[in-house]
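*Asks:* Input structure-v9.csv, format and content: CSV, C-alpha atoms and all ligand atoms.
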chain,number,residue,atom,x,y,z
A,1,MET,CA,0.0,0.0,0.0
A,2,GLU,CA,1.3,3.5,-0.9
A,3,LYS,CA,2.3,5.4,2.2
A,4,ILE,CA,1.9,9.2,2.4
A,5,LEU,CA,4.2,11.5,4.4
A,6,VAL,CA,2.2,14.0,6.5
A,7,SER,CA,3.2,17.0,8.6
A,8,ARG,CA,2.5,16.1,12.2
A,9,CYS,CA,0.7,19.4,13.0
A,10,LEU,CA,-1.9,18.5,10.4
A,11,LEU,CA,-2.8,15.5,12.4
A,12,GLY,CA,-3.6,17.7,15.4
A,13,HIS,CA,-0.2,17.1,17.1
A,14,LYS,CA,0.7,20.2,19.1
A,15,VAL,CA,4.1,20.7,17.5
A,16,ARG,CA,3.6,24.1,15.8
A,17,TYR,CA,5.9,27.0,16.8
A,18,ASP,CA,3.0,28.5,18.8
A,19,GLY,CA,2.2,25.2,20.6
A,20,ALA,CA,-0.9,24.5,18.6
A,21,GLY,CA,-1.9,21.8,16.1
A,22,SER,CA,-4.1,22.1,13.0
A,23,GLY,CA,-7.1,20.1,11.6
A,24,PRO,CA,-8.8,17.8,11.9
A,25,PHE,CA,-8.9,16.9,8.2
A,26,ASP,CA,-11.3,14.0,7.2
A,27,GLN,CA,-9.1,12.9,4.3
A,28,LEU,CA,-6.0,12.6,6.5
A,29,ALA,CA,-8.1,10.7,9.1
A,30,ALA,CA,-9.2,8.3,6.4
A,31,TRP,CA,-5.7,7.7,5.2
A,32,GLN,CA,-4.6,7.2,8.8
A,33,ALA,CA,-7.3,4.6,9.2
A,34,GLU,CA,-6.0,2.8,6.1
A,35,GLY,CA,-2.5,2.8,7.6
A,36,ARG,CA,-1.0,5.0,4.9
A,37,VAL,CA,0.2,7.9,7.1
A,38,VAL,CA,3.9,8.4,8.0
A,39,ALA,CA,4.1,11.5,10.2
A,40,ILE,CA,6.9,13.9,10.9
A,41,CYS,CA,7.4,17.4,12.2
A,42,PRO,CA,10.8,18.3,10.7
A,43,GLU,CA,11.4,21.2,13.1
A,44,VAL,CA,10.8,19.1,16.2
A,45,ALA,CA,12.7,16.1,14.6
A,46,GLY,CA,15.6,18.6,14.1
A,47,GLY,CA,15.7,19.3,17.8
A,48,LEU,CA,13.7,22.5,18.2
A,49,PRO,CA,11.4,22.8,21.2
A,50,THR,CA,7.7,23.5,21.2
A,51,PRO,CA,6.7,26.3,21.5
A,52,ARG,CA,9.6,28.0,19.7
A,53,PRO,CA,10.1,31.4,18.1
A,54,ALA,CA,8.7,31.8,14.6
A,55,ALA,CA,11.4,31.6,12.0
A,56,GLU,CA,11.5,32.8,8.4
A,57,ILE,CA,14.1,32.8,5.5
A,58,PRO,CA,15.1,36.4,4.8
A,59,GLY,CA,16.1,36.9,1.3
A,60,GLY,CA,15.5,33.4,0.1
A,61,GLN,CA,13.6,30.1,0.0
A,62,GLY,CA,14.2,26.5,1.1
A,63,LEU,CA,16.5,25.7,-1.8
A,64,ASP,CA,18.6,28.8,-1.0
A,65,VAL,CA,19.1,27.4,2.5
A,66,TRP,CA,20.3,24.1,1.1
A,67,GLU,CA,22.7,25.9,-1.3
A,68,GLY,CA,24.1,28.2,1.4
A,69,ARG,CA,22.6,31.4,0.0
A,70,ALA,CA,20.1,32.1,2.9
A,71,ARG,CA,19.6,31.1,6.5
A,72,VAL,CA,16.5,30.3,8.6
A,73,LEU,CA,16.4,33.0,11.3
A,74,THR,CA,14.1,34.1,14.1
A,75,ALA,CA,13.0,37.7,14.5
A,76,ASP,CA,15.8,38.1,17.0
A,77,GLY,CA,18.4,36.7,14.6
A,78,GLU,CA,18.8,33.2,16.1
A,79,ASP,CA,19.9,30.8,13.4
A,80,PHE,CA,17.7,27.7,13.2
A,81,SER,CA,19.1,26.5,9.8
A,82,GLU,CA,20.9,23.4,11.0
A,83,ALA,CA,17.8,22.1,12.8
A,84,PHE,CA,15.7,22.8,9.8
A,85,LEU,CA,18.2,21.0,7.5
A,86,ASP,CA,18.5,18.0,9.9
A,87,GLY,CA,14.7,17.7,10.2
A,88,ALA,CA,14.4,17.7,6.4
A,89,ARG,CA,17.0,15.0,6.0
A,90,GLN,CA,15.0,12.9,8.5
A,91,ALA,CA,11.9,13.5,6.4
A,92,LEU,CA,13.7,12.3,3.3
A,93,ALA,CA,15.0,9.2,5.1
A,94,LEU,CA,11.3,8.3,5.9
A,95,VAL,CA,10.4,8.9,2.3
A,96,GLN,CA,13.1,6.6,1.1
A,97,GLN,CA,12.4,4.0,3.8
A,98,HIS,CA,8.7,3.7,2.8
A,99,ASN,CA,9.1,4.5,-0.9
A,100,ILE,CA,6.8,7.5,-0.5
A,101,ARG,CA,5.7,9.4,-3.6
A,102,ILE,CA,3.1,11.8,-2.1
A,103,ALA,CA,3.5,14.2,0.9
A,104,ILE,CA,0.9,16.5,2.5
A,105,LEU,CA,2.9,19.3,4.2
A,106,LYS,CA,1.5,22.3,6.1
A,107,ALA,CA,1.0,25.3,3.8
A,108,ASN,CA,3.2,28.5,4.2
A,109,SER,CA,5.7,27.0,6.7
A,110,PRO,CA,9.4,27.7,6.3
A,111,SER,CA,9.9,24.0,6.6
A,112,CYS,CA,6.8,22.5,5.1
A,113,GLY,CA,5.3,25.1,2.7
A,114,ASN,CA,5.0,23.8,-0.8
A,115,LEU,CA,3.9,27.0,-2.7
A,116,LEU,CA,4.2,30.0,-0.4
A,117,THR,CA,6.4,31.0,2.5
A,118,TYR,CA,6.7,34.2,4.5
A,119,ASP,CA,9.0,36.9,3.1
A,120,GLY,CA,11.5,37.1,6.0
A,121,THR,CA,10.2,40.4,7.4
A,122,PHE,CA,7.9,38.8,10.1
A,123,SER,CA,5.1,41.0,8.9
A,124,GLY,CA,2.8,38.2,7.6
A,125,VAL,CA,3.6,38.8,3.9
A,126,LYS,CA,3.7,35.6,1.9
A,127,VAL,CA,5.8,35.1,-1.2
A,128,SER,CA,6.0,32.3,-3.8
A,129,GLY,CA,8.4,29.6,-2.7
A,130,GLU,CA,8.9,26.5,-0.7
A,131,GLY,CA,10.2,25.6,2.7
A,132,VAL,CA,13.4,23.7,3.5
A,133,THR,CA,11.8,20.2,3.8
A,134,ALA,CA,9.4,20.8,0.9
A,135,ALA,CA,12.3,21.8,-1.3
A,136,LEU,CA,14.3,18.7,-0.5
A,137,LEU,CA,11.4,16.3,-1.0
A,138,LYS,CA,10.4,17.8,-4.3
A,139,ARG,CA,13.9,17.5,-5.7
A,140,HIS,CA,13.8,13.8,-4.8
A,141,GLY,CA,10.6,13.3,-6.8
A,142,VAL,CA,8.0,13.5,-4.1
A,143,HIS,CA,4.7,15.2,-5.2
A,144,VAL,CA,4.2,17.7,-2.4
A,145,PHE,CA,0.7,19.0,-1.6
A,146,SER,CA,-0.6,21.1,1.3
A,147,GLU,CA,-3.7,20.7,3.4
A,148,LEU,CA,-5.4,23.1,1.0
A,149,GLU,CA,-4.9,20.6,-1.9
A,150,LEU,CA,-6.3,17.4,-0.4
A,151,PRO,CA,-8.6,16.6,-3.3
A,152,GLN,CA,-5.6,17.0,-5.7
A,153,ALA,CA,-3.5,14.8,-3.5
A,154,ALA,CA,-6.2,12.1,-3.4
A,155,GLN,CA,-6.4,12.2,-7.2
A,156,ALA,CA,-2.6,11.9,-7.5
A,157,LEU,CA,-2.8,8.9,-5.2
A,158,ASN,CA,-5.4,7.3,-7.4
A,159,ASN,CA,-3.2,7.9,-10.4
A,160,LEU,CA,-0.1,6.2,-9.0
B,1,LIG,S1,4.5,23.0,9.6
B,1,LIG,FE1,6.0,21.4,9.5
B,1,LIG,S2,7.6,22.0,10.8
B,1,LIG,FE2,5.9,23.4,11.3
B,1,LIG,S3,4.8,22.4,13.0
B,1,LIG,FE3,3.9,21.6,11.1
B,1,LIG,S4,5.1,19.7,10.7
B,1,LIG,FE4,6.3,20.9,12.1
Would you put the structure from the file into structure tokens?
Ligand code: SF4

*Replies:*
Amino acid sequence: MEKILVSRCLLGHKVRYDGAGSGPFDQLAAWQAEGRVVAICPEVAGGLPTPRPAAEIPGGQGLDVWEGRARVLTADGEDFSEAFLDGARQALALVQQHNIRIAILKANSPSCGNLLTYDGTFSGVKVSGEGVTAALLKRHGVHVFSELELPQAAQALNNL
């Protein structure tokens, strides 16, 4: 059975930077009941506590962090880059372990965002781009969707 990688916060786990979770999402619950879901919070897996300061990627996107052109920083300038990279590597390890081809990652996150992230000014402005984990998984052939695209993800699963 095809497994699906899912951001832990979308399963209601209280791992978000603000100590909250998200959801519930009926489609994710259905996939959990089928035994398809492999869950990870890359930031917590990378060693960050919950709650934790919000972080953004000033002047770049996830791929720029991988290629050393940008860092993941808090508003106070604390550098979370290594934790973000480590968590993303753990997500990729799960993908490879379970031969995963579809991921549902939380929209807009500097780790998990697949289409948009924040612009690095901590003012709530979103820009096109992807987080550190989403960037890595996409470049390893994973189809990355967000919780806003669950019908498309279900269609992609059917088409595998
Ligand atoms: S968006 Fe990703 S990194 Fe952030 S809390 Fe959810 S699973 Fe963790």

*Asks:* Go through A:Gly62, A:Pro53, A:Pro110, A:Gly68 and flag the residue nearest ligand LIG 1 (chain B), using only C-alpha atoms and all ligand atoms for the distances.

*Replies:* A:Pro110

*Asks:* Between A:Ile104, A:Ala54, A:Leu150, A:Ala45, which is the closest to Val6 in chain A once you count all atoms listed in the file?

*Replies:*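 Answer, going by the shortest atom-to-atom distance: A:Ile104.
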
*Asks:* Kindly work out which residues sit at most 8 Å from ligand LIG 1 (chain B), using all atoms listed in the file, and give the list as number ranges by chain.

*Replies:* A: 6-10, 14-17, 21, 40-44, 105-113

*Asks:* Could you pull the residues within 12 Å of Glu149 in chain A, counting only C-alpha atoms, minus those fewer than 4 positions along the same chain, as a list in words?

*Replies:*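 After dropping sequence-adjacent residues, the list is Phe25, Gln27, Leu28, Ile102, Ala103, Ile104, Leu105, Lys106, Ala107, Asn114, Leu115, His143, Val144, Phe145, Ala153, Ala154, Gln155 and Ala156 of chain A.
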
*Asks:* How far is it from CA of Ile100 in chain A to CA of Ile4 in chain A, in Å with one decimal?

*Replies:*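 Separation between CA of Ile100 in chain A and CA of Ile4 in chain A: 5.9 Å.
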
*Asks:* Just the number, please: distance in Å from CA of Glu82 in chain A to CA of Leu137 in chain A, one decimal.

*Replies:*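 Separation between CA of Glu82 in chain A and CA of Leu137 in chain A: 16.9 Å.
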
*Asks:* Could I see range 73-94 of chain A restored to N, CA and C atoms, set down as a short mmCIF file (atom, residue, chain, number, x, y, z; two decimals), in the coordinates of the input?

*Replies:*
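Generated file (part-v7.cif):
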data_model
loop_
_atom_site.label_atom_id
_atom_site.label_comp_id
_atom_site.auth_asym_id
_atom_site.auth_seq_id
_atom_site.Cartn_x
_atom_site.Cartn_y
_atom_site.Cartn_z
N LEU A 73 16.10 32.16 10.13
CA LEU A 73 16.40 33.00 11.30
C LEU A 73 15.07 33.34 12.04
N THR A 74 15.18 33.53 13.37
CA THR A 74 14.10 34.10 14.10
C THR A 74 14.12 35.60 14.00
N ALA A 75 13.08 36.25 14.52
CA ALA A 75 13.00 37.70 14.50
C ALA A 75 14.21 38.31 15.25
N ASP A 76 14.71 37.58 16.26
CA ASP A 76 15.80 38.10 17.00
C ASP A 76 17.18 37.68 16.42
N GLY A 77 17.16 37.02 15.29
CA GLY A 77 18.40 36.70 14.60
C GLY A 77 18.99 35.34 14.99
N GLU A 78 18.26 34.55 15.80
CA GLU A 78 18.80 33.20 16.10
C GLU A 78 18.71 32.34 14.88
N ASP A 79 19.77 31.57 14.65
CA ASP A 79 19.90 30.80 13.40
C ASP A 79 19.41 29.37 13.64
N PHE A 80 18.28 29.01 13.03
CA PHE A 80 17.70 27.70 13.20
C PHE A 80 18.05 26.79 11.95
N SER A 81 18.93 27.24 11.10
CA SER A 81 19.10 26.50 9.80
C SER A 81 19.51 25.08 10.01
N GLU A 82 20.45 24.79 10.91
CA GLU A 82 20.90 23.40 11.00
C GLU A 82 19.78 22.49 11.48
N ALA A 83 18.94 22.96 12.40
CA ALA A 83 17.80 22.10 12.80
C ALA A 83 16.83 21.89 11.69
N PHE A 84 16.58 22.92 10.91
CA PHE A 84 15.70 22.80 9.80
C PHE A 84 16.24 21.77 8.74
N LEU A 85 17.55 21.88 8.48
CA LEU A 85 18.20 21.00 7.50
C LEU A 85 18.16 19.54 8.04
N ASP A 86 18.47 19.38 9.33
CA ASP A 86 18.50 18.00 9.90
C ASP A 86 17.10 17.40 9.86
N GLY A 87 16.06 18.18 10.21
CA GLY A 87 14.70 17.70 10.20
C GLY A 87 14.29 17.27 8.74
N ALA A 88 14.70 18.06 7.78
CA ALA A 88 14.40 17.70 6.40
C ALA A 88 15.08 16.44 5.95
N ARG A 89 16.31 16.27 6.37
CA ARG A 89 17.00 15.00 6.00
C ARG A 89 16.28 13.81 6.65
N GLN A 90 15.75 13.99 7.84
CA GLN A 90 15.00 12.90 8.50
C GLN A 90 13.70 12.62 7.69
N ALA A 91 13.07 13.66 7.21
CA ALA A 91 11.90 13.50 6.40
C ALA A 91 12.22 12.69 5.11
N LEU A 92 13.33 13.04 4.48
CA LEU A 92 13.70 12.30 3.30
C LEU A 92 14.07 10.87 3.59
N ALA A 93 14.67 10.62 4.75
CA ALA A 93 15.00 9.20 5.10
C ALA A 93 13.69 8.42 5.25
N LEU A 94 12.64 9.02 5.81
CA LEU A 94 11.30 8.30 5.90
C LEU A 94 10.77 8.05 4.51
#
